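**Student:** So here's upload-v5.cif, just mmCIF, C-alpha atoms:
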data_entry
loop_
_atom_site.label_atom_id
_atom_site.label_comp_id
_atom_site.auth_asym_id
_atom_site.auth_seq_id
_atom_site.Cartn_x
_atom_site.Cartn_y
_atom_site.Cartn_z
CA MET A 1 -73.48 314.15 84.23
CA HIS A 2 -70.49 314.93 82.01
CA ILE A 3 -70.79 318.05 79.85
CA LEU A 4 -68.56 318.84 76.87
CA TYR A 5 -67.84 322.55 76.37
CA LEU A 6 -66.43 323.72 73.03
CA VAL A 7 -64.59 326.96 73.88
CA ASN A 8 -64.09 328.91 70.66
CA ALA A 9 -62.32 331.92 72.17
CA LEU A 10 -60.33 332.02 75.40
CA ASP A 11 -61.91 335.36 76.29
CA SER A 12 -65.36 333.72 76.03
CA PRO A 13 -65.19 330.91 78.61
CA PRO A 14 -68.24 329.02 79.93
CA GLY A 15 -68.59 331.30 82.94
CA VAL A 16 -71.94 330.87 84.68
CA LEU A 17 -72.78 327.81 82.57
CA LEU A 18 -69.75 325.95 83.93
CA ASP A 19 -70.10 327.25 87.47
CA GLU A 20 -73.76 326.25 87.78
CA ALA A 21 -73.12 322.82 86.27
CA ALA A 22 -70.33 322.20 88.77
CA ARG A 23 -72.55 323.40 91.60
CA MET A 24 -75.11 320.81 90.51
CA GLY A 25 -72.48 318.06 90.57
CA ALA A 26 -71.70 317.75 86.87
CA SER A 27 -68.21 317.10 85.52
CA ALA A 28 -66.83 318.91 82.49
CA THR A 29 -64.44 318.65 79.58
CA GLN A 30 -63.42 321.93 77.98
CA ILE A 31 -61.78 321.92 74.55
CA ASP A 32 -60.01 324.98 73.15
CA THR A 33 -61.13 324.42 69.57
CA VAL A 34 -58.92 327.02 67.91
CA ASN A 35 -55.70 325.67 69.40
CA GLY A 36 -56.83 322.05 69.54
CA ARG A 37 -56.16 321.29 73.20
CA ASP A 38 -57.85 319.96 76.29
CA MET A 39 -58.09 322.90 78.66
CA GLY A 40 -57.83 320.66 81.70
CA SER A 41 -54.77 318.59 80.85
CA GLY A 42 -53.21 320.86 78.24
CA ASN A 43 -52.88 317.89 75.90
CA ALA A 44 -53.59 318.13 72.19
CA ARG A 45 -57.25 317.39 71.53
CA GLY A 46 -59.62 318.34 68.77
CA VAL A 47 -63.39 318.34 68.49
CA PRO A 48 -64.59 314.77 69.14
CA GLU A 49 -66.07 312.86 66.25
CA ALA A 50 -68.84 311.34 68.37
CA ALA A 51 -70.88 312.00 71.48
CA ASP A 52 -69.58 308.90 73.24
CA GLY A 53 -68.59 309.56 76.84
CA TYR A 54 -70.54 312.81 77.13
CA ASP A 55 -74.07 313.50 78.29
CA ALA A 56 -74.53 317.01 76.88
CA LEU A 57 -72.84 319.61 74.66
CA ILE A 58 -72.41 323.38 74.94
CA VAL A 59 -70.91 325.34 72.04
CA LEU A 60 -69.72 328.81 73.05
CA GLY A 61 -68.94 332.11 71.34
CA GLY A 62 -66.04 333.45 69.31
CA ILE A 63 -65.05 336.22 66.93
CA MET A 64 -65.08 334.05 63.81
CA GLY A 65 -68.02 333.50 61.48
CA VAL A 66 -69.60 330.18 60.57
CA TYR A 67 -68.88 331.09 56.93
CA GLU A 68 -65.12 331.01 57.73
CA ALA A 69 -64.92 327.22 57.95
CA ASP A 70 -61.96 327.12 55.55
CA ARG A 71 -59.97 329.15 58.05
CA TYR A 72 -61.38 327.46 61.15
CA PRO A 73 -61.80 323.70 60.61
CA PHE A 74 -63.43 323.27 64.02
CA ILE A 75 -66.61 324.89 62.66
CA GLU A 76 -67.57 321.99 60.39
CA GLU A 77 -66.41 319.53 63.07
CA SER A 78 -68.63 321.27 65.62
CA LYS A 79 -71.62 321.20 63.27
CA ARG A 80 -71.23 317.44 62.81
CA LEU A 81 -70.97 316.97 66.55
CA VAL A 82 -74.09 319.06 67.18
CA ARG A 83 -76.04 316.81 64.82
CA CYS A 84 -74.58 313.74 66.50
CA PHE A 85 -75.67 314.82 69.99
CA HIS A 86 -79.09 315.83 68.66
CA GLU A 87 -79.63 312.51 66.89
CA GLU A 88 -78.66 310.62 70.04
CA GLY A 89 -81.15 312.62 72.09
CA LYS A 90 -78.51 314.36 74.21
CA PRO A 91 -78.98 318.04 75.17
CA VAL A 92 -77.24 320.69 73.06
CA MET A 93 -76.87 324.40 73.82
CA GLY A 94 -75.37 326.91 71.42
CA VAL A 95 -74.43 330.40 72.66
CA CYS A 96 -73.75 333.32 70.27
CA LEU A 97 -71.38 331.76 67.68
CA GLY A 98 -72.61 328.47 69.09
CA SER A 99 -76.19 329.38 68.20
CA GLN A 100 -75.06 330.15 64.66
CA ILE A 101 -73.27 326.80 64.48
CA VAL A 102 -76.47 325.06 65.58
CA ALA A 103 -78.50 326.93 62.96
CA SER A 104 -75.98 326.07 60.25
CA ALA A 105 -75.80 322.44 61.39
CA PHE A 106 -79.48 322.14 60.50
CA GLY A 107 -79.23 323.85 57.13
CA ALA A 108 -79.88 327.54 57.86
CA PRO A 109 -77.68 330.31 56.41
CA VAL A 110 -75.52 332.46 58.69
CA TYR A 111 -74.48 335.93 57.57
CA LYS A 112 -73.40 339.38 58.69
CA MET A 113 -76.28 341.41 60.08
CA SER A 114 -75.46 344.25 57.71
CA GLU A 115 -76.16 342.00 54.70
CA LYS A 116 -79.90 341.64 55.39
CA LEU A 117 -80.74 343.84 58.36
CA GLU A 118 -80.42 347.55 58.98
CA ALA A 119 -78.23 347.00 62.03
CA HIS A 120 -74.49 346.38 61.93
CA GLU A 121 -74.27 344.65 65.31
CA GLU A 122 -75.88 344.19 68.71
CA TRP A 123 -73.81 345.13 71.75
CA GLY A 124 -74.69 345.55 75.41
CA PHE A 125 -77.63 344.48 77.55
CA VAL A 126 -80.76 344.67 75.40
CA PRO A 127 -84.35 343.51 76.04
CA GLN A 128 -85.73 340.25 74.70
CA THR A 129 -89.25 339.68 73.43
CA TRP A 130 -90.26 336.11 74.17
CA ASP A 131 -92.16 334.39 71.37
CA PRO A 132 -95.42 332.56 72.16
CA ALA A 133 -93.58 329.22 72.05
CA ALA A 134 -91.53 330.28 75.07
CA ALA A 135 -94.63 330.22 77.26
CA ASP A 136 -94.72 326.41 77.07
CA ASP A 137 -90.97 325.86 76.92
CA LYS A 138 -89.37 323.81 79.70
CA LEU A 139 -86.53 326.31 80.09
CA LEU A 140 -88.12 329.68 79.40
CA HIS A 141 -91.79 329.49 80.43
CA ASP A 142 -91.35 332.00 83.27
CA ALA A 143 -88.69 334.24 81.74
CA ALA A 144 -89.19 337.86 82.75
CA PRO A 145 -90.75 340.05 80.03
CA GLU A 146 -88.21 342.29 78.33
CA LEU A 147 -85.35 340.64 80.21
CA ARG A 148 -82.13 342.40 79.26
CA THR A 149 -79.45 339.97 78.07
CA MET A 150 -75.88 340.61 77.00
CA HIS A 151 -75.06 340.75 73.31
CA TRP A 152 -71.92 341.20 71.29
CA HIS A 153 -72.30 339.95 67.75
CA GLY A 154 -72.37 341.16 64.17
CA ASP A 155 -73.64 337.91 62.60
CA THR A 156 -77.08 336.37 62.62
CA PHE A 157 -78.93 333.47 60.99
CA ASP A 158 -82.15 332.38 59.39
CA LEU A 159 -84.12 329.71 61.21
CA PRO A 160 -83.78 326.05 60.24
CA GLU A 161 -86.96 324.22 59.30
CA ASP A 162 -89.24 322.78 61.96
CA VAL A 163 -87.97 324.82 64.91
CA ALA A 164 -89.71 326.72 67.67
CA ARG A 165 -88.50 330.30 67.81
CA LEU A 166 -88.36 331.37 71.44
CA ALA A 167 -87.15 334.98 71.42
CA THR A 168 -86.94 337.89 69.02
CA ARG A 169 -85.87 341.52 68.64
CA LYS A 170 -86.82 343.99 65.94
CA VAL A 171 -83.23 344.71 64.88
CA CYS A 172 -82.27 341.02 64.86
CA PRO A 173 -85.35 338.78 64.73
CA ASN A 174 -83.90 335.36 65.50
CA GLN A 175 -82.66 335.43 69.09
CA ALA A 176 -83.35 331.94 70.39
CA PHE A 177 -84.84 328.70 69.12
CA ARG A 178 -85.33 325.05 69.99
CA ILE A 179 -85.11 322.01 67.74
CA GLY A 180 -86.99 319.04 69.11
CA GLU A 181 -86.99 318.89 72.89
CA LYS A 182 -83.32 319.13 73.79
CA THR A 183 -81.40 321.27 71.28
CA TYR A 184 -81.33 325.00 72.10
CA ALA A 185 -79.69 328.02 70.52
CA PHE A 186 -79.28 331.42 72.21
CA GLN A 187 -77.86 334.37 70.29
CA PHE A 188 -77.28 336.26 73.55
CA HIS A 189 -74.49 335.54 76.03
CA LEU A 190 -75.97 333.48 78.84
CA GLU A 191 -72.52 332.68 80.17
CA VAL A 192 -71.22 336.13 81.10
CA THR A 193 -69.87 337.01 84.54
CA ARG A 194 -68.52 340.29 85.82
CA GLY A 195 -64.99 339.05 85.13
CA ILE A 196 -65.81 338.14 81.52
CA LEU A 197 -67.42 341.53 80.97
CA ASP A 198 -64.40 343.34 82.38
CA GLY A 199 -62.26 341.60 79.79
CA TRP A 200 -64.72 342.40 77.02
CA THR A 201 -64.66 346.08 77.96
CA THR A 202 -60.94 346.13 77.23
CA LEU A 203 -61.41 344.14 74.02
CA ARG A 204 -64.11 346.46 72.73
CA ALA A 205 -62.05 349.54 73.47
CA LYS A 206 -59.18 348.05 71.49
CA ALA A 207 -61.49 347.00 68.64
CA LEU A 208 -62.91 350.52 68.35
CA ASP A 209 -59.57 352.20 69.11
CA VAL A 210 -61.06 354.31 71.89
CA PRO A 211 -60.08 354.76 75.55
CA ARG A 212 -61.34 352.04 77.86
CA ALA A 213 -63.09 354.69 79.94
CA GLU A 214 -65.34 355.47 76.98
CA ILE A 215 -66.63 351.88 76.89
CA GLU A 216 -66.89 351.74 80.68
CA LYS A 217 -69.14 354.79 80.65
CA LEU A 218 -71.54 352.94 78.35
CA ILE A 219 -71.48 349.43 79.81
CA GLU A 220 -71.10 349.97 83.56
CA PRO A 221 -74.65 351.31 84.12
CA GLN A 222 -75.97 348.37 82.07
CA ILE A 223 -73.99 345.86 84.12
CA GLU A 224 -75.24 347.35 87.36
CA ALA A 225 -78.86 347.33 86.17
CA SER A 226 -79.00 344.00 84.33
CA LEU A 227 -76.25 341.50 85.12
CA GLY A 228 -77.81 340.20 88.33
CA ALA A 229 -81.14 339.38 86.68
CA GLN A 230 -79.43 337.81 83.67
CA GLU A 231 -77.21 335.63 85.86
CA GLU A 232 -80.20 334.41 87.86
CA PHE A 233 -81.97 333.62 84.57
CA ALA A 234 -78.89 331.88 83.16
CA ARG A 235 -78.43 329.69 86.24
CA ARG A 236 -82.09 328.67 86.21
CA THR A 237 -81.94 327.97 82.47
CA MET A 238 -78.81 325.86 82.91
CA ARG A 239 -80.36 323.77 85.68
CA ARG A 240 -83.48 323.12 83.62
CA TRP A 241 -81.44 322.27 80.54
CA MET A 242 -79.47 319.72 82.56
CA ASP A 243 -82.72 318.19 83.80
CA ILE A 244 -84.03 317.40 80.32
CA THR A 245 -81.53 314.52 79.84
#
What does this structure look like when you write it as structure tokens?

**Tutor:**
Amino acid sequence: MHILYLVNALDSPPGVLLDEAARMGASATQIDTVNGRDMGSGNARGVPEAADGYDALIVLGGIMGVYEADRYPFIEESKRLVRCFHEEGKPVMGVCLGSQIVASAFGAPVYKMSEKLEAHEEWGFVPQTWDPAAADDKLLHDAAPELRTMHWHGDTFDLPEDVARLATRKVCPNQAFRIGEKTYAFQFHLEVTRGILDGWTTLRAKALDVPRAEIEKLIEPQIEASLGAQEEFARRTMRRWMDIT
């Protein structure tokens, strides 16, 4: 199995989703979409125009918004590729920004949370409420109630038509959905590892202009309590997603 990863920020790599795929024997192509390069060879390479040569697609997170396509051409290119994989019956997974790209690819609006919701953003490990559709879902049927998953986003989306919503939260209702049998979108960060989170702690401190220790005090207890369970969930979800080809 050959999986294409669209990496939309170098500080948001595939993490667990790449590691588990490799452990299961899959090969990978990673494309740095912002800089237009193959992350393996270093050669110039943009978002492919077709799904040829790949068995599955994962679209990862980034700081940009789907509504910034004029500034980031890869967004429209990624949306076209998502539709291409979907139409060819190949598995798709969108994570955070990737979930918003999937939603937009199928006609749903993406916007800042503050525009329609009371919340400005979601950050940290927060509990999920699984929708009834998750009980029969091939990936999520045994997901732990109130599983805490990692979030860092200020954008959200409405649901496209004819989807199964799989997870929700009061402050941000659309957390995960499935289109058809093989296209999934997860607003939360399935991919995170301890190393990724260490980097994000520094990034958040810089973004808020506060000492790193202030962010550590907030996130470290959450990492200790929740990362292990999330990683186990993410690895199981990845294996099942690979099996639906």

**Student:** Given all atoms listed in the file as the basis, pick out the residue of A:Ala9, A:Ala21, A:Ala26, A:Ala134 nearest to Val59 in chain A.

**Tutor:**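 Smallest distance to Val59 in chain A is found for A:Ala9.
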
**Student:** Kindly indicate which residue among A:Met93, A:Ala108, A:Phe125, A:Leu18 lies nearest to Pro221 in chain A, using only C-alpha atoms for the distances.

**Tutor:** A:Phe125

**Student:** Which is closer to Phe177 in chain A than all the others in A:Val47, A:Cys96, A:Ala103, A:Leu218, using all atoms listed in the file?

**Tutor:** A:Ala103

**Student:** Of the candidates A:Lys90, A:His151, A:Arg194, A:Arg83, which one gets nearest to Leu4 in chain A if we count only C-alpha atoms?

**Tutor:**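 Closest to Leu4 in chain A of all the choices is A:Lys90.
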
**Student:** Got a sec to check which residues sit within 12 Å of (-89.6, 328.7, 79.0), counting all atoms listed in the file, and write them as a PyMOL selection string?

**Tutor:** chain A and resi 130-145+164-167+176-178+181+184+233-234+236-238+240-241
